[in-house]
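Q: Pasting a structure below so you can have a look.
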Amino acid sequence: MLVAIAALAALPARADEASPSPRPTVPARIVSLAPSVTETLFALGAGPRVVAVSTFCDYPPEVRSLPKIGSFVAPSVEAIIAQRPDVVIGAPSPGNHEAALALERVGIAVVAPDPEHLAAMPDVIRTIAAAAGVPDEGERLVARIEREMAAVRARVAGLPRRRVLMAVGQDPLVGVGDTSFIGELLAEAGATNVAPPGVPWPRITLEYVVARDPEVIIDTSMGTEQQSGASGFWQRLPSLAAVRDGRVYAFRSDRILRPGPRLPAGFEDLARLVHPEAWR
Amino acid sequence: MAVGQLTRARLVRVNGVLLAMLAVSVVAAAAIGPVRIDWRRAFDLSLASPDAVILFRTRIPRVLMAAIVGGALATAGAALQALLRNPLADPHLLGVSSGAALAGVCALVLRPVLLGHTLVVPAAAFAGALASMWIVVGLSRVDRRLESYTLLLVGVIYNAFAGALLMFINSVVDFYQAHNVLFWLMGSLGTTDYTVVGALALYTLVGLVMLLARARDLDCLSLGDDRAAELGVRVERARVVTFVAASLLVGAVVSVSGMIGFVGLVIPHLVRLRTGSDHRLLLPASYLAGAIFLVWADTAARTALGGTEMPVGVVTALCGAPFFVYLLRRERRRAGM
């Protein structure tokens, strides 16, 4: 998860170069390098033109049978070229930076808008839509996502903020920081993040969590380990409000990890954990 | 050789002093942390107050864990240095730790297939440590001789090979498995579970007792295999027992705390400078000194950055790597190279 989300390299978006004419060219063969991009392309109706995806791409279900061009963190340049794509669309990561440069060197258009922050998401979707030749669909999708996100925000608006810890690992204890994409979602869901500020994925000293006393704990590592042992971890900290009130949740969802069409649903899942009373 | 000079009084005195230092370190380290706790509320044993939870469920188990892990690594290092007659032997440098990690990761990835018993992963780590030790030492022995530099180089190569296999595994498993593997490899001394602390103490105690029972053999072995055989040591058996005991120590430690380097190298050296190389004293003294060192290294790791922490291996490597270079240069100078 860390590898996948730690998108650091800032590859410039090349949408303009890919479609220089005012009328958008409609690429017939698209290769997607990232799960969020694949989901977005299918939501835009460009799914039939997607000819290959990364091994991390698993949604919508029909992509599972498409040819794979390597993982999101290490795509294979050869496999991509072999697909004879008109455009390659991805999300920047340290692992695919070199591959993107190599593709551009052989004249394949690469588009990689950076979804590192929530505020950038509309532009990310517009860029993907433009590269796929369906800018109007892009506007419609952006409007739909923004409407759904706003509906969730309206539910939790005015409710008192809750102190929340979102953990992605217990041993070591690694949390979602306020500067990460998911940290931004948490804040929008009405949470006060108890993780140390300023670090996207802080490795947290446990006593710091005890002192900050989260009212809700969302643990994405539970269920990867044996369930009982994993929740036992939190039960051994009985002073925590979240433990006393039974608000320790196992939660794993690709939806909040992927800035795409399913994000509003993931955002709602998150907001329901922070403020369940808003849906009663 | 200080074999004849060790008196019971000295054994008790040195270990007593170290034990007292360890006790003070444990108490002091439990009092230090990024959060300031209220001592009047900290002894509320119903654990209703955060201060009590911080003290009894986060700091004390963690400090105990650091002590056990540090002791185990230092003792394993001391035993390997004697057995291999090599002052640079260290479970980390020889690839024993990465072998344990590799086997542990294999078990972790296959755990759903292996019906997921919790003991599968530590057992695999132990087996991995043992197998790695056999492979590295076996490959390093040329014409029945075991040269320092050959051993180190084989260790380097073995580390690289094991590292490559780890990366291979991480690139073929799925997203969530890769995440699990990464976190398991990072490891941490943090625990809230005293049964984990107790189990680790038990494993490492077995290893320590096995080595202590062979202390005289290790003294003789550090004079050379032939000389040891003349002195009545059954060399092969002593070697097997030492390997198994050191693997038990390293495997147990790696499966809870990930890879922590240099403790097994630095501590036995510093201890030997003061105690001489009689293993009846060197082994327990290394255990205690290793425990003290890692308790403080981990206190730095969990306190220096406030609410975030760094892996304790960062602290031990920052202290240990320069020390290793110093040892290496001193060895070469002494050898007149």
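We label chains A, B, ... in the order they appear in the structure tokens, count residues from 1 in each chain, and number ligands from 1 in the order shown.
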Write out as a list in words each polymer residue whose atoms come within 7 Å of Pro214 of chain A, counting only C-alpha atoms; drop sequence neighbours fewer than 5 positions from it.

A: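 Neighbouring residues, sequence-local ones excluded: Arg163, Val164, Leu165, Val194, Leu240, Ala241 and Ala242 of chain A.
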
Q: Got a sec to pull out which chain A residues are within 6 Å of chain B, counting only C-alpha atoms, and send them as JSON, numbers by chain?

A: {"A": [1, 171, 172, 196, 202, 203, 204, 205, 207, 208, 239]}

Q: Please produce an output containing N, CA and C atoms for each residue in the selection, written as a short mmCIF file (atom, residue, chain, number, x, y, z; two decimals), in the first residue's frame.

A:
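The new file again24.cif reads:
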data_model
loop_
_atom_site.label_atom_id
_atom_site.label_comp_id
_atom_site.auth_asym_id
_atom_site.auth_seq_id
_atom_site.Cartn_x
_atom_site.Cartn_y
_atom_site.Cartn_z
N MET A 1 0.84 -1.20 0.00
CA MET A 1 0.00 0.00 0.00
C MET A 1 0.88 1.24 0.00
N ASP A 171 2.25 -3.51 13.55
CA ASP A 171 3.59 -3.86 14.00
C ASP A 171 4.56 -3.76 12.85
N PRO A 172 5.17 -2.63 12.63
CA PRO A 172 5.09 -1.37 13.36
C PRO A 172 3.75 -0.66 13.14
N PRO A 196 0.60 12.04 14.18
CA PRO A 196 1.47 13.23 14.18
C PRO A 196 1.34 13.97 12.86
N PRO A 202 2.95 8.38 8.87
CA PRO A 202 3.85 8.35 10.03
C PRO A 202 3.92 6.97 10.69
N ARG A 203 5.12 6.59 11.09
CA ARG A 203 5.31 5.42 11.94
C ARG A 203 5.17 5.96 13.36
N ILE A 204 4.07 5.59 14.04
CA ILE A 204 3.67 6.28 15.25
C ILE A 204 4.11 5.51 16.50
N THR A 205 4.60 6.22 17.50
CA THR A 205 4.87 5.62 18.79
C THR A 205 3.52 5.39 19.48
N GLU A 207 2.45 5.09 22.49
CA GLU A 207 2.01 5.89 23.63
C GLU A 207 1.47 7.26 23.19
N TYR A 208 1.93 7.71 22.04
CA TYR A 208 1.41 8.97 21.51
C TYR A 208 -0.09 8.83 21.19
N SER A 239 -7.84 2.18 28.08
CA SER A 239 -8.15 3.58 28.39
C SER A 239 -8.65 4.33 27.15
#

Q: Taking only C-alpha atoms into account, which of B:Leu283, B:Leu119, B:Leu45, B:Ala79 comes nearest Val250 of chain B?

A: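 Answer, going by the shortest atom-to-atom distance: B:Ala79.
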
Q: Among segment 72-178 of chain A, which ones does DSSP place in strand (DSSP E or B), written as a VMD selection string?

A: chain A and resid 75 87 to 89 109 to 111 162 to 170 173 to 175

Q: So that I can check the surroundings of Gly128 of chain B, please list as a VMD selection string every protein, DNA and RNA residue that reaches within 8 Å of it, counting only C-alpha atoms and ignoring chain neighbours fewer than 2 positions away.

A: chain B and resid 96 99 to 104 124 to 126 130 to 132 251

Q: Pick out the closest residue to Gly183 of chain A from this set: A:Ile128, A:Val63, A:Val110, A:Ala167. Count only C-alpha atoms.

A: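 Answer, going by the shortest atom-to-atom distance: A:Ala167.
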
Q: From the set B:Ala201, B:Ala317, B:Leu110, B:Leu94, which residue has the shortest atom-to-atom contact distance to Ile157 of chain B, counting only C-alpha atoms?

A: B:Leu94

Q: According to DSSP computed on the backbone, where in segment 92-147 of chain B is there alpha helix (DSSP H)? Give the residues as an mmCIF file with N, CA and C atoms, in the first residue's frame.

A:
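What landed in result.cif:
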data_model
loop_
_atom_site.group_PDB
_atom_site.id
_atom_site.type_symbol
_atom_site.label_atom_id
_atom_site.label_comp_id
_atom_site.auth_asym_id
_atom_site.auth_seq_id
_atom_site.Cartn_x
_atom_site.Cartn_y
_atom_site.Cartn_z
ATOM 1 N N VAL B 96 22.722 -14.517 8.258
ATOM 2 C CA VAL B 96 21.837 -15.395 9.034
ATOM 3 C C VAL B 96 20.490 -14.715 9.265
ATOM 4 N N SER B 97 20.542 -13.405 9.549
ATOM 5 C CA SER B 97 19.288 -12.670 9.760
ATOM 6 C C SER B 97 18.460 -12.620 8.481
ATOM 7 N N SER B 98 19.119 -12.365 7.341
ATOM 8 C CA SER B 98 18.311 -12.287 6.117
ATOM 9 C C SER B 98 17.796 -13.654 5.723
ATOM 10 N N GLY B 99 18.553 -14.716 6.040
ATOM 11 C CA GLY B 99 18.047 -16.065 5.792
ATOM 12 C C GLY B 99 16.806 -16.340 6.617
ATOM 13 N N ALA B 100 16.847 -15.900 7.889
ATOM 14 C CA ALA B 100 15.688 -16.068 8.763
ATOM 15 C C ALA B 100 14.515 -15.263 8.217
ATOM 16 N N ALA B 101 14.803 -14.044 7.759
ATOM 17 C CA ALA B 101 13.747 -13.180 7.229
ATOM 18 C C ALA B 101 13.135 -13.802 5.973
ATOM 19 N N LEU B 102 13.992 -14.335 5.107
ATOM 20 C CA LEU B 102 13.508 -14.933 3.861
ATOM 21 C C LEU B 102 12.551 -16.095 4.153
ATOM 22 N N ALA B 103 12.987 -16.986 5.053
ATOM 23 C CA ALA B 103 12.137 -18.132 5.374
ATOM 24 C C ALA B 103 10.847 -17.660 6.057
ATOM 25 N N GLY B 104 10.980 -16.649 6.912
ATOM 26 C CA GLY B 104 9.804 -16.113 7.593
ATOM 27 C C GLY B 104 8.794 -15.547 6.601
ATOM 28 N N VAL B 105 9.309 -14.816 5.608
ATOM 29 C CA VAL B 105 8.421 -14.219 4.601
ATOM 30 C C VAL B 105 7.738 -15.307 3.781
ATOM 31 N N CYS B 106 8.495 -16.357 3.423
ATOM 32 C CA CYS B 106 7.887 -17.474 2.681
ATOM 33 C C CYS B 106 6.723 -18.045 3.486
ATOM 34 N N ALA B 107 6.948 -18.251 4.780
ATOM 35 C CA ALA B 107 5.889 -18.812 5.618
ATOM 36 C C ALA B 107 4.711 -17.852 5.706
ATOM 37 N N LEU B 108 5.028 -16.556 5.783
ATOM 38 C CA LEU B 108 3.985 -15.540 5.898
ATOM 39 C C LEU B 108 3.096 -15.543 4.652
ATOM 40 N N VAL B 109 3.740 -15.622 3.489
ATOM 41 C CA VAL B 109 3.005 -15.595 2.233
ATOM 42 C C VAL B 109 2.198 -16.878 2.050
ATOM 43 N N LEU B 110 2.779 -18.008 2.505
ATOM 44 C CA LEU B 110 2.100 -19.292 2.317
ATOM 45 C C LEU B 110 1.175 -19.633 3.472
ATOM 46 N N VAL B 120 3.988 -20.967 12.852
ATOM 47 C CA VAL B 120 4.625 -21.350 11.598
ATOM 48 C C VAL B 120 5.719 -20.359 11.209
ATOM 49 N N VAL B 121 5.425 -19.064 11.379
ATOM 50 C CA VAL B 121 6.383 -18.052 10.919
ATOM 51 C C VAL B 121 7.669 -18.053 11.765
ATOM 52 N N PRO B 122 7.577 -18.013 13.119
ATOM 53 C CA PRO B 122 8.820 -18.094 13.904
ATOM 54 C C PRO B 122 9.592 -19.392 13.653
ATOM 55 N N ALA B 123 8.868 -20.501 13.491
ATOM 56 C CA ALA B 123 9.561 -21.770 13.250
ATOM 57 C C ALA B 123 10.318 -21.706 11.924
ATOM 58 N N ALA B 124 9.685 -21.111 10.917
ATOM 59 C CA ALA B 124 10.352 -20.973 9.622
ATOM 60 C C ALA B 124 11.578 -20.079 9.749
ATOM 61 N N ALA B 125 11.466 -19.003 10.544
ATOM 62 C CA ALA B 125 12.598 -18.085 10.721
ATOM 63 C C ALA B 125 13.777 -18.827 11.355
ATOM 64 N N PHE B 126 13.471 -19.680 12.328
ATOM 65 C CA PHE B 126 14.519 -20.467 12.973
ATOM 66 C C PHE B 126 15.186 -21.387 11.959
ATOM 67 N N ALA B 127 14.373 -22.099 11.190
ATOM 68 C CA ALA B 127 14.918 -23.013 10.183
ATOM 69 C C ALA B 127 15.740 -22.247 9.152
ATOM 70 N N GLY B 128 15.252 -21.061 8.777
ATOM 71 C CA GLY B 128 15.970 -20.248 7.795
ATOM 72 C C GLY B 128 17.321 -19.797 8.318
ATOM 73 N N ALA B 129 17.361 -19.417 9.610
ATOM 74 C CA ALA B 129 18.620 -18.991 10.219
ATOM 75 C C ALA B 129 19.614 -20.148 10.217
ATOM 76 N N LEU B 130 19.120 -21.309 10.607
ATOM 77 C CA LEU B 130 20.001 -22.479 10.706
ATOM 78 C C LEU B 130 20.556 -22.867 9.337
ATOM 79 N N ALA B 131 19.649 -22.931 8.356
ATOM 80 C CA ALA B 131 20.070 -23.318 7.005
ATOM 81 C C ALA B 131 21.075 -22.308 6.454
ATOM 82 N N SER B 132 20.833 -21.016 6.707
ATOM 83 C CA SER B 132 21.724 -19.990 6.177
ATOM 84 C C SER B 132 23.109 -20.117 6.781
ATOM 85 N N MET B 133 23.138 -20.388 8.087
ATOM 86 C CA MET B 133 24.426 -20.501 8.751
ATOM 87 C C MET B 133 25.224 -21.644 8.136
ATOM 88 N N TRP B 134 24.531 -22.779 7.903
ATOM 89 C CA TRP B 134 25.193 -23.936 7.314
ATOM 90 C C TRP B 134 25.726 -23.618 5.919
ATOM 91 N N ILE B 135 24.891 -22.943 5.136
ATOM 92 C CA ILE B 135 25.280 -22.641 3.757
ATOM 93 C C ILE B 135 26.469 -21.681 3.730
ATOM 94 N N VAL B 136 26.374 -20.593 4.505
ATOM 95 C CA VAL B 136 27.423 -19.573 4.453
ATOM 96 C C VAL B 136 28.746 -20.142 4.944
ATOM 97 N N VAL B 137 28.705 -20.852 6.077
ATOM 98 C CA VAL B 137 29.954 -21.390 6.625
ATOM 99 C C VAL B 137 30.496 -22.480 5.706
ATOM 100 N N GLY B 138 29.590 -23.308 5.181
ATOM 101 C CA GLY B 138 30.020 -24.386 4.286
ATOM 102 C C GLY B 138 30.705 -23.845 3.036
ATOM 103 N N LEU B 139 30.135 -22.805 2.441
ATOM 104 C CA LEU B 139 30.706 -22.235 1.217
ATOM 105 C C LEU B 139 32.014 -21.514 1.495
ATOM 106 N N SER B 140 32.184 -21.038 2.748
ATOM 107 C CA SER B 140 33.372 -20.238 3.053
ATOM 108 C C SER B 140 34.580 -21.109 3.347
#
